[in-house]
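S.K.: Could you have a look at this structure, given as structure tokens, before my questions?
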Amino acid sequence: MTSPHAKGWLPDFLILAAIWGSSFLFMRVASIELGALPTAAIRVAIASVFLLPIMLANGHWAELRRHWKPVMFVGVLNSGIPFALYSFAVMHITTGFSSILNATVPLFGALVAWFWLGDKPSVSRTVGLAVGFGGVLLLAGGQASFKPNASGIAPAWAVLACLAATTCYALAASFTKKHIPSLPPLVTATGSQIGATLALALPALWFRPDHGPSASAWWALLVVGVLCTGVAYILYFKLIETAGPARALTVTFLVPVFAIAYGVMFLGETVTAGMLLCGGVILAGTALSSGLVKLPGR
């Protein structure tokens, strides 16, 4: 693939980072009223309703029928479980903190690929893994404790939920590489959201709130379902085609910038120098471990 000019893909790159950064804000607004499982279930259901007509209009129904089992399973691993975990996390720690932990997805991806697929990292990537996980330990150790906060939940559980979610993303990536054939991206995106919806439906009904959500909660769900999931998937796959997978992956690094800014502006969250420093360490380690940046001579 030839290196594209920045003017062709940079607008999509910035828009996608801004959209995904806002997902933490909207998840918090919705989950505070609905709870984690209903928020995640409605999010993927809205995304499914949005994506399905687009997939059908592009004539991809036959591909989904042939490969529905692995595609829907990966949706549970890549959307259903992580969205529920993040919906829980943002109720108990700041959205900016959650987004920094989310930036470790490539870090966990490299680790899972090493143990599952035998994709042994180079020296440079191994150093990146060590640096990245060191940053995670510093961030978690400085920000989280097992002492319950005002919400009645210890922040450490929210941190562990975020890290479990990033591990799910990493497992889903390796599973996709190993068990799902080359499919049109729209097929995987749509089928995965349908699979996540089916998996979360009953748990969400069981844990449904005993009161009617406000209009702001419903608007937050609509935005996170259509914009932050449906539109974001389409934009992401377009970015892969125009900028290449390596550049598309780096959008994860920019997401915390927007998420932190939204949290400060709309939720009154505070950002500490320690958070920013640890976030920088995590991003440096992630860049090395994913092969986007290499040490000299490595």
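Identifiers in the structure tokens: chain A, B, ... in order shown; residue index from 1 per chain; ligand index from 1 in order shown.
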Please provide the set of residues having any atom within 9 Å of A:Ala110, restricted to only C-alpha atoms, with same-chain residues fewer than 3 positions apart removed, written as a PyMOL selection string.

M.R.: chain A and resi 105-107+113-115+119-121+125+129+170+286+289-290

S.K.: What would the file look like if the residues just selected were written as a short mmCIF file (atom, residue, chain, number, x, y, z; two decimals), in the first residue's frame with all heavy atoms?

M.R.:
data_model
loop_
_atom_site.label_atom_id
_atom_site.label_comp_id
_atom_site.auth_asym_id
_atom_site.auth_seq_id
_atom_site.Cartn_x
_atom_site.Cartn_y
_atom_site.Cartn_z
N VAL A 105 -5.35 -0.97 24.52
CA VAL A 105 -5.85 -2.07 23.68
C VAL A 105 -4.75 -2.67 22.81
O VAL A 105 -4.57 -3.90 22.79
CB VAL A 105 -7.04 -1.60 22.82
CG1 VAL A 105 -7.40 -2.67 21.78
CG2 VAL A 105 -8.26 -1.32 23.70
N PRO A 106 -3.96 -1.87 22.05
CA PRO A 106 -2.89 -2.49 21.27
C PRO A 106 -1.85 -3.20 22.12
O PRO A 106 -1.23 -4.17 21.69
CB PRO A 106 -2.27 -1.30 20.52
CG PRO A 106 -3.33 -0.25 20.52
CD PRO A 106 -4.04 -0.42 21.83
N LEU A 107 -1.65 -2.70 23.34
CA LEU A 107 -0.69 -3.32 24.27
C LEU A 107 -1.14 -4.74 24.61
O LEU A 107 -0.36 -5.70 24.49
CB LEU A 107 -0.60 -2.47 25.53
CG LEU A 107 0.52 -2.75 26.53
CD1 LEU A 107 1.86 -2.37 25.94
CD2 LEU A 107 0.26 -1.97 27.82
N ALA A 113 -1.58 -11.88 21.19
CA ALA A 113 -1.08 -12.46 19.94
C ALA A 113 0.20 -13.26 20.17
O ALA A 113 0.45 -14.27 19.50
CB ALA A 113 -0.85 -11.35 18.91
N TRP A 114 1.01 -12.82 21.10
CA TRP A 114 2.25 -13.52 21.43
C TRP A 114 1.94 -14.91 21.99
O TRP A 114 2.48 -15.93 21.54
CB TRP A 114 3.03 -12.68 22.43
CG TRP A 114 4.36 -13.26 22.85
CD1 TRP A 114 4.97 -14.37 22.36
CD2 TRP A 114 5.24 -12.72 23.85
NE1 TRP A 114 6.18 -14.57 22.99
CE2 TRP A 114 6.37 -13.58 23.90
CE3 TRP A 114 5.18 -11.62 24.70
CZ2 TRP A 114 7.42 -13.34 24.78
CZ3 TRP A 114 6.23 -11.38 25.56
CH2 TRP A 114 7.34 -12.23 25.60
N PHE A 115 1.05 -14.99 22.98
CA PHE A 115 0.76 -16.27 23.64
C PHE A 115 -0.19 -17.16 22.84
O PHE A 115 -0.09 -18.39 22.90
CB PHE A 115 0.19 -16.01 25.04
CG PHE A 115 1.22 -15.55 26.03
CD1 PHE A 115 1.33 -14.22 26.37
CD2 PHE A 115 2.10 -16.46 26.61
CE1 PHE A 115 2.29 -13.79 27.28
CE2 PHE A 115 3.06 -16.04 27.52
CZ PHE A 115 3.15 -14.70 27.85
N ASP A 119 2.91 -15.03 17.84
CA ASP A 119 3.50 -13.84 17.21
C ASP A 119 4.49 -13.21 18.17
O ASP A 119 4.20 -12.23 18.85
CB ASP A 119 2.38 -12.86 16.83
CG ASP A 119 2.90 -11.65 16.08
OD1 ASP A 119 4.09 -11.67 15.68
OD2 ASP A 119 2.13 -10.69 15.90
N LYS A 120 5.68 -13.82 18.25
CA LYS A 120 6.68 -13.37 19.21
C LYS A 120 7.16 -11.97 18.87
O LYS A 120 7.58 -11.70 17.76
CB LYS A 120 7.86 -14.34 19.24
CG LYS A 120 8.88 -14.03 20.32
CD LYS A 120 9.99 -15.07 20.35
CE LYS A 120 11.00 -14.75 21.46
NZ LYS A 120 12.08 -15.76 21.52
N PRO A 121 7.10 -11.05 19.84
CA PRO A 121 7.52 -9.67 19.56
C PRO A 121 9.03 -9.53 19.48
O PRO A 121 9.77 -10.33 20.04
CB PRO A 121 6.96 -8.90 20.76
CG PRO A 121 6.93 -9.90 21.87
CD PRO A 121 6.59 -11.21 21.21
N ARG A 125 9.52 -4.34 20.64
CA ARG A 125 8.13 -4.51 21.07
C ARG A 125 8.06 -5.08 22.49
O ARG A 125 7.16 -4.75 23.26
CB ARG A 125 7.40 -5.42 20.09
CG ARG A 125 7.24 -4.82 18.70
CD ARG A 125 6.53 -5.76 17.75
NE ARG A 125 5.14 -5.94 18.13
CZ ARG A 125 4.32 -6.82 17.55
NH1 ARG A 125 4.77 -7.62 16.58
NH2 ARG A 125 3.08 -6.92 17.95
N LEU A 129 6.11 -3.52 25.70
CA LEU A 129 5.19 -4.20 26.60
C LEU A 129 5.54 -3.89 28.07
O LEU A 129 4.66 -3.60 28.89
CB LEU A 129 5.24 -5.71 26.37
CG LEU A 129 4.56 -6.23 25.11
CD1 LEU A 129 4.89 -7.70 24.89
CD2 LEU A 129 3.05 -6.05 25.19
N ALA A 170 -8.52 -7.48 22.89
CA ALA A 170 -7.32 -8.17 22.40
C ALA A 170 -7.64 -9.61 22.01
O ALA A 170 -7.19 -10.10 20.97
CB ALA A 170 -6.24 -8.13 23.47
N THR A 286 2.72 1.47 24.32
CA THR A 286 1.80 0.91 23.33
C THR A 286 2.33 1.10 21.92
O THR A 286 2.23 0.21 21.08
CB THR A 286 0.41 1.56 23.47
OG1 THR A 286 -0.08 1.34 24.79
CG2 THR A 286 -0.57 0.96 22.47
N SER A 289 5.09 -1.48 21.53
CA SER A 289 4.64 -2.87 21.53
C SER A 289 3.83 -3.22 20.29
O SER A 289 3.79 -4.38 19.88
CB SER A 289 3.79 -3.14 22.78
OG SER A 289 2.58 -2.42 22.74
N SER A 290 3.19 -2.22 19.68
CA SER A 290 2.40 -2.48 18.47
C SER A 290 3.24 -2.37 17.20
O SER A 290 2.75 -2.63 16.10
CB SER A 290 1.22 -1.50 18.40
OG SER A 290 1.69 -0.16 18.33
#

S.K.: Name all residues at most 8 Å from stretch 218-222 of chain A (count only C-alpha atoms; drop same-chain ones fewer than 2 positions away) and give them as a CSV table (one decimal) with N, CA, C and O atoms, in the first residue's frame.

M.R.:
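So the final result, stored in out_15.csv, reads:
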chain,number,residue,atom,x,y,z
A,26,PHE,N,-21.0,9.9,26.8
A,26,PHE,CA,-22.4,9.5,26.7
A,26,PHE,C,-22.7,8.2,27.4
A,26,PHE,O,-23.9,8.0,27.9
A,27,MET,N,-21.8,7.3,27.5
A,27,MET,CA,-22.0,6.1,28.3
A,27,MET,C,-22.2,6.5,29.8
A,27,MET,O,-23.1,5.9,30.5
A,29,VAL,N,-23.5,9.3,31.0
A,29,VAL,CA,-24.8,10.0,31.1
A,29,VAL,C,-25.9,8.9,31.1
A,29,VAL,O,-26.9,9.0,32.0
A,30,ALA,N,-25.8,7.9,30.3
A,30,ALA,CA,-26.8,6.9,30.2
A,30,ALA,C,-26.8,5.9,31.3
A,30,ALA,O,-27.8,5.5,31.9
A,39,THR,N,-27.5,-0.2,29.5
A,39,THR,CA,-26.8,0.8,28.6
A,39,THR,C,-26.1,0.1,27.5
A,39,THR,O,-26.2,0.5,26.3
A,42,ILE,N,-28.7,-1.6,25.0
A,42,ILE,CA,-29.4,-0.7,24.1
A,42,ILE,C,-28.4,-0.1,23.1
A,42,ILE,O,-28.8,0.1,21.9
A,43,ARG,N,-27.2,0.2,23.5
A,43,ARG,CA,-26.2,0.7,22.6
A,43,ARG,C,-26.0,-0.2,21.4
A,43,ARG,O,-26.0,0.2,20.2
A,46,ILE,N,-29.1,-0.4,19.1
A,46,ILE,CA,-29.3,0.7,18.2
A,46,ILE,C,-28.3,0.6,17.1
A,46,ILE,O,-28.6,0.9,15.9
A,213,PRO,N,-36.1,6.2,32.4
A,213,PRO,CA,-34.9,7.1,32.2
A,213,PRO,C,-35.4,8.4,31.6
A,213,PRO,O,-36.5,8.6,31.0
A,214,SER,N,-34.6,9.5,31.9
A,214,SER,CA,-34.9,10.8,31.4
A,214,SER,C,-34.6,10.9,29.9
A,214,SER,O,-34.0,10.1,29.3
A,215,ALA,N,-35.1,12.0,29.4
A,215,ALA,CA,-34.8,12.3,27.9
A,215,ALA,C,-33.4,12.4,27.6
A,215,ALA,O,-32.9,11.9,26.6
A,216,SER,N,-32.6,13.0,28.6
A,216,SER,CA,-31.1,13.1,28.3
A,216,SER,C,-30.5,11.7,28.2
A,216,SER,O,-29.5,11.5,27.5
A,224,VAL,N,-24.7,7.4,21.4
A,224,VAL,CA,-23.6,6.4,21.5
A,224,VAL,C,-23.9,5.2,20.6
A,224,VAL,O,-22.9,4.5,20.2
A,225,GLY,N,-25.1,4.9,20.3
A,225,GLY,CA,-25.4,3.8,19.5
A,225,GLY,C,-25.2,4.1,18.0
A,225,GLY,O,-24.6,3.3,17.3
A,226,VAL,N,-25.8,5.2,17.5
A,226,VAL,CA,-25.7,5.5,16.1
A,226,VAL,C,-24.3,6.1,15.8
A,226,VAL,O,-23.6,5.7,14.9
A,227,LEU,N,-23.9,7.2,16.5
A,227,LEU,CA,-22.7,7.9,16.2
A,227,LEU,C,-21.4,7.2,16.6
A,227,LEU,O,-20.5,6.9,15.8

S.K.: What is the atom CA of A:Thr188 to atom CA of A:Gly21 distance in Å?

M.R.: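 Pair atom CA of A:Thr188 / atom CA of A:Gly21 returns 22.5 Å.
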
S.K.: With DSSP run on the backbone, what are the alpha helix (DSSP H) residues within stretch 36-193 of chain A? I'd like them as a PyMOL selection string.

M.R.: chain A and resi 36-57+61-66+68-75+81-89+95-102+105-117+123-143+155-179+185-193

S.K.: Please produce a file of those selected residues containing C-alpha atoms, as a compact mmCIF listing (two decimals), in the first residue's frame.

M.R.:
# COMPACT_ATOMS: atom_id res chain seq x y z
CA ALA A 36 -24.24 -0.84 32.96
CA LEU A 37 -25.96 -3.82 31.31
CA PRO A 38 -29.04 -2.01 29.95
CA THR A 39 -26.82 0.79 28.62
CA ALA A 40 -24.55 -1.65 26.78
CA ALA A 41 -27.49 -3.69 25.46
CA ILE A 42 -29.37 -0.70 24.09
CA ARG A 43 -26.18 0.70 22.58
CA VAL A 44 -25.46 -2.40 20.51
CA ALA A 45 -29.15 -2.82 19.63
CA ILE A 46 -29.28 0.71 18.22
CA ALA A 47 -26.04 0.09 16.32
CA SER A 48 -27.49 -3.14 14.88
CA VAL A 49 -30.64 -1.37 13.67
CA PHE A 50 -28.50 1.33 12.12
CA LEU A 51 -25.97 -0.97 10.41
CA LEU A 52 -28.25 -3.77 9.18
CA PRO A 53 -30.03 -1.81 6.39
CA ILE A 54 -26.66 -0.49 5.18
CA MET A 55 -25.23 -4.01 5.05
CA LEU A 56 -28.30 -5.35 3.23
CA ALA A 57 -28.19 -2.47 0.74
CA TRP A 61 -26.50 -10.87 3.55
CA ALA A 62 -25.13 -14.11 2.05
CA GLU A 63 -21.72 -13.61 3.67
CA LEU A 64 -23.28 -13.04 7.08
CA ARG A 65 -25.43 -16.17 6.76
CA ARG A 66 -22.40 -18.30 5.94
CA TRP A 68 -22.74 -15.89 11.42
CA LYS A 69 -21.47 -18.09 14.26
CA PRO A 70 -17.89 -16.76 14.58
CA VAL A 71 -18.95 -13.23 13.65
CA MET A 72 -21.64 -13.07 16.32
CA PHE A 73 -19.37 -14.70 18.89
CA VAL A 74 -16.68 -12.12 18.29
CA GLY A 75 -19.36 -9.46 18.77
CA ILE A 81 -18.75 -7.58 27.31
CA PRO A 82 -16.44 -4.54 26.90
CA PHE A 83 -19.30 -2.06 26.51
CA ALA A 84 -20.91 -3.39 29.69
CA LEU A 85 -17.60 -3.21 31.56
CA TYR A 86 -16.91 0.37 30.44
CA SER A 87 -20.48 1.42 31.25
CA PHE A 88 -19.83 0.14 34.77
CA ALA A 89 -16.40 1.78 34.99
CA THR A 95 -14.19 9.27 31.80
CA GLY A 96 -10.68 10.61 31.17
CA PHE A 97 -9.14 7.92 33.37
CA SER A 98 -11.21 5.26 31.58
CA SER A 99 -10.12 6.50 28.17
CA ILE A 100 -6.42 6.37 29.12
CA LEU A 101 -6.84 2.74 30.17
CA ASN A 102 -8.67 2.10 26.88
CA VAL A 105 -5.85 -2.07 23.68
CA PRO A 106 -2.89 -2.49 21.27
CA LEU A 107 -0.69 -3.32 24.27
CA PHE A 108 -2.92 -6.21 25.33
CA GLY A 109 -3.37 -7.14 21.67
CA ALA A 110 0.36 -7.67 21.25
CA LEU A 111 0.51 -9.76 24.44
CA VAL A 112 -2.42 -12.00 23.47
CA ALA A 113 -1.08 -12.46 19.94
CA TRP A 114 2.25 -13.52 21.43
CA PHE A 115 0.76 -16.27 23.64
CA TRP A 116 -2.15 -17.36 21.42
CA LEU A 117 -0.88 -16.96 17.86
CA VAL A 123 13.16 -6.71 21.33
CA SER A 124 11.70 -3.27 20.64
CA ARG A 125 8.13 -4.51 21.07
CA THR A 126 9.06 -6.44 24.23
CA VAL A 127 10.47 -3.28 25.74
CA GLY A 128 7.23 -1.57 24.76
CA LEU A 129 5.19 -4.20 26.60
CA ALA A 130 7.26 -3.68 29.75
CA VAL A 131 7.02 0.12 29.54
CA GLY A 132 3.30 0.06 28.80
CA PHE A 133 2.37 -2.26 31.63
CA GLY A 134 4.62 -0.28 33.94
CA GLY A 135 2.58 2.80 33.05
CA VAL A 136 -0.64 0.94 33.76
CA LEU A 137 0.61 -0.10 37.20
CA LEU A 138 1.67 3.47 37.99
CA LEU A 139 -1.66 4.89 36.84
CA ALA A 140 -3.79 2.31 38.62
CA GLY A 141 -1.70 2.43 41.77
CA GLY A 142 -1.92 6.19 41.99
CA GLN A 143 -5.60 6.55 41.16
CA PRO A 155 -12.49 2.63 42.18
CA ALA A 156 -10.14 -0.34 41.82
CA TRP A 157 -13.04 -2.46 40.58
CA ALA A 158 -13.71 0.08 37.85
CA VAL A 159 -10.03 0.02 36.86
CA LEU A 160 -10.09 -3.78 36.68
CA ALA A 161 -13.26 -3.57 34.57
CA CYS A 162 -11.48 -1.32 32.06
CA LEU A 163 -8.49 -3.66 31.87
CA ALA A 164 -10.80 -6.67 31.47
CA ALA A 165 -12.50 -4.84 28.62
CA THR A 166 -9.20 -4.15 26.85
CA THR A 167 -8.27 -7.82 27.30
CA CYS A 168 -11.56 -8.77 25.62
CA TYR A 169 -10.72 -6.50 22.69
CA ALA A 170 -7.32 -8.17 22.40
CA LEU A 171 -8.81 -11.68 22.53
CA ALA A 172 -11.37 -10.71 19.90
CA ALA A 173 -8.66 -9.47 17.57
CA SER A 174 -6.70 -12.73 17.77
CA PHE A 175 -9.90 -14.79 17.47
CA THR A 176 -10.85 -12.85 14.35
CA LYS A 177 -7.45 -13.40 12.80
CA LYS A 178 -7.53 -17.12 13.53
CA HIS A 179 -11.17 -18.10 12.96
CA PRO A 185 -15.84 -5.06 7.13
CA LEU A 186 -19.51 -4.10 7.12
CA VAL A 187 -20.46 -7.77 7.55
CA THR A 188 -18.26 -8.17 10.61
CA ALA A 189 -19.40 -4.87 12.08
CA THR A 190 -23.11 -5.59 11.63
CA GLY A 191 -23.01 -9.25 12.62
CA SER A 192 -20.94 -8.52 15.70
CA GLN A 193 -23.42 -5.92 16.94

S.K.: Any idea what the distance is between atom CA of A:Met275 and atom CA of A:Gly291?

M.R.: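 Going from atom CA of A:Met275 over to atom CA of A:Gly291 covers 24.2 Å.
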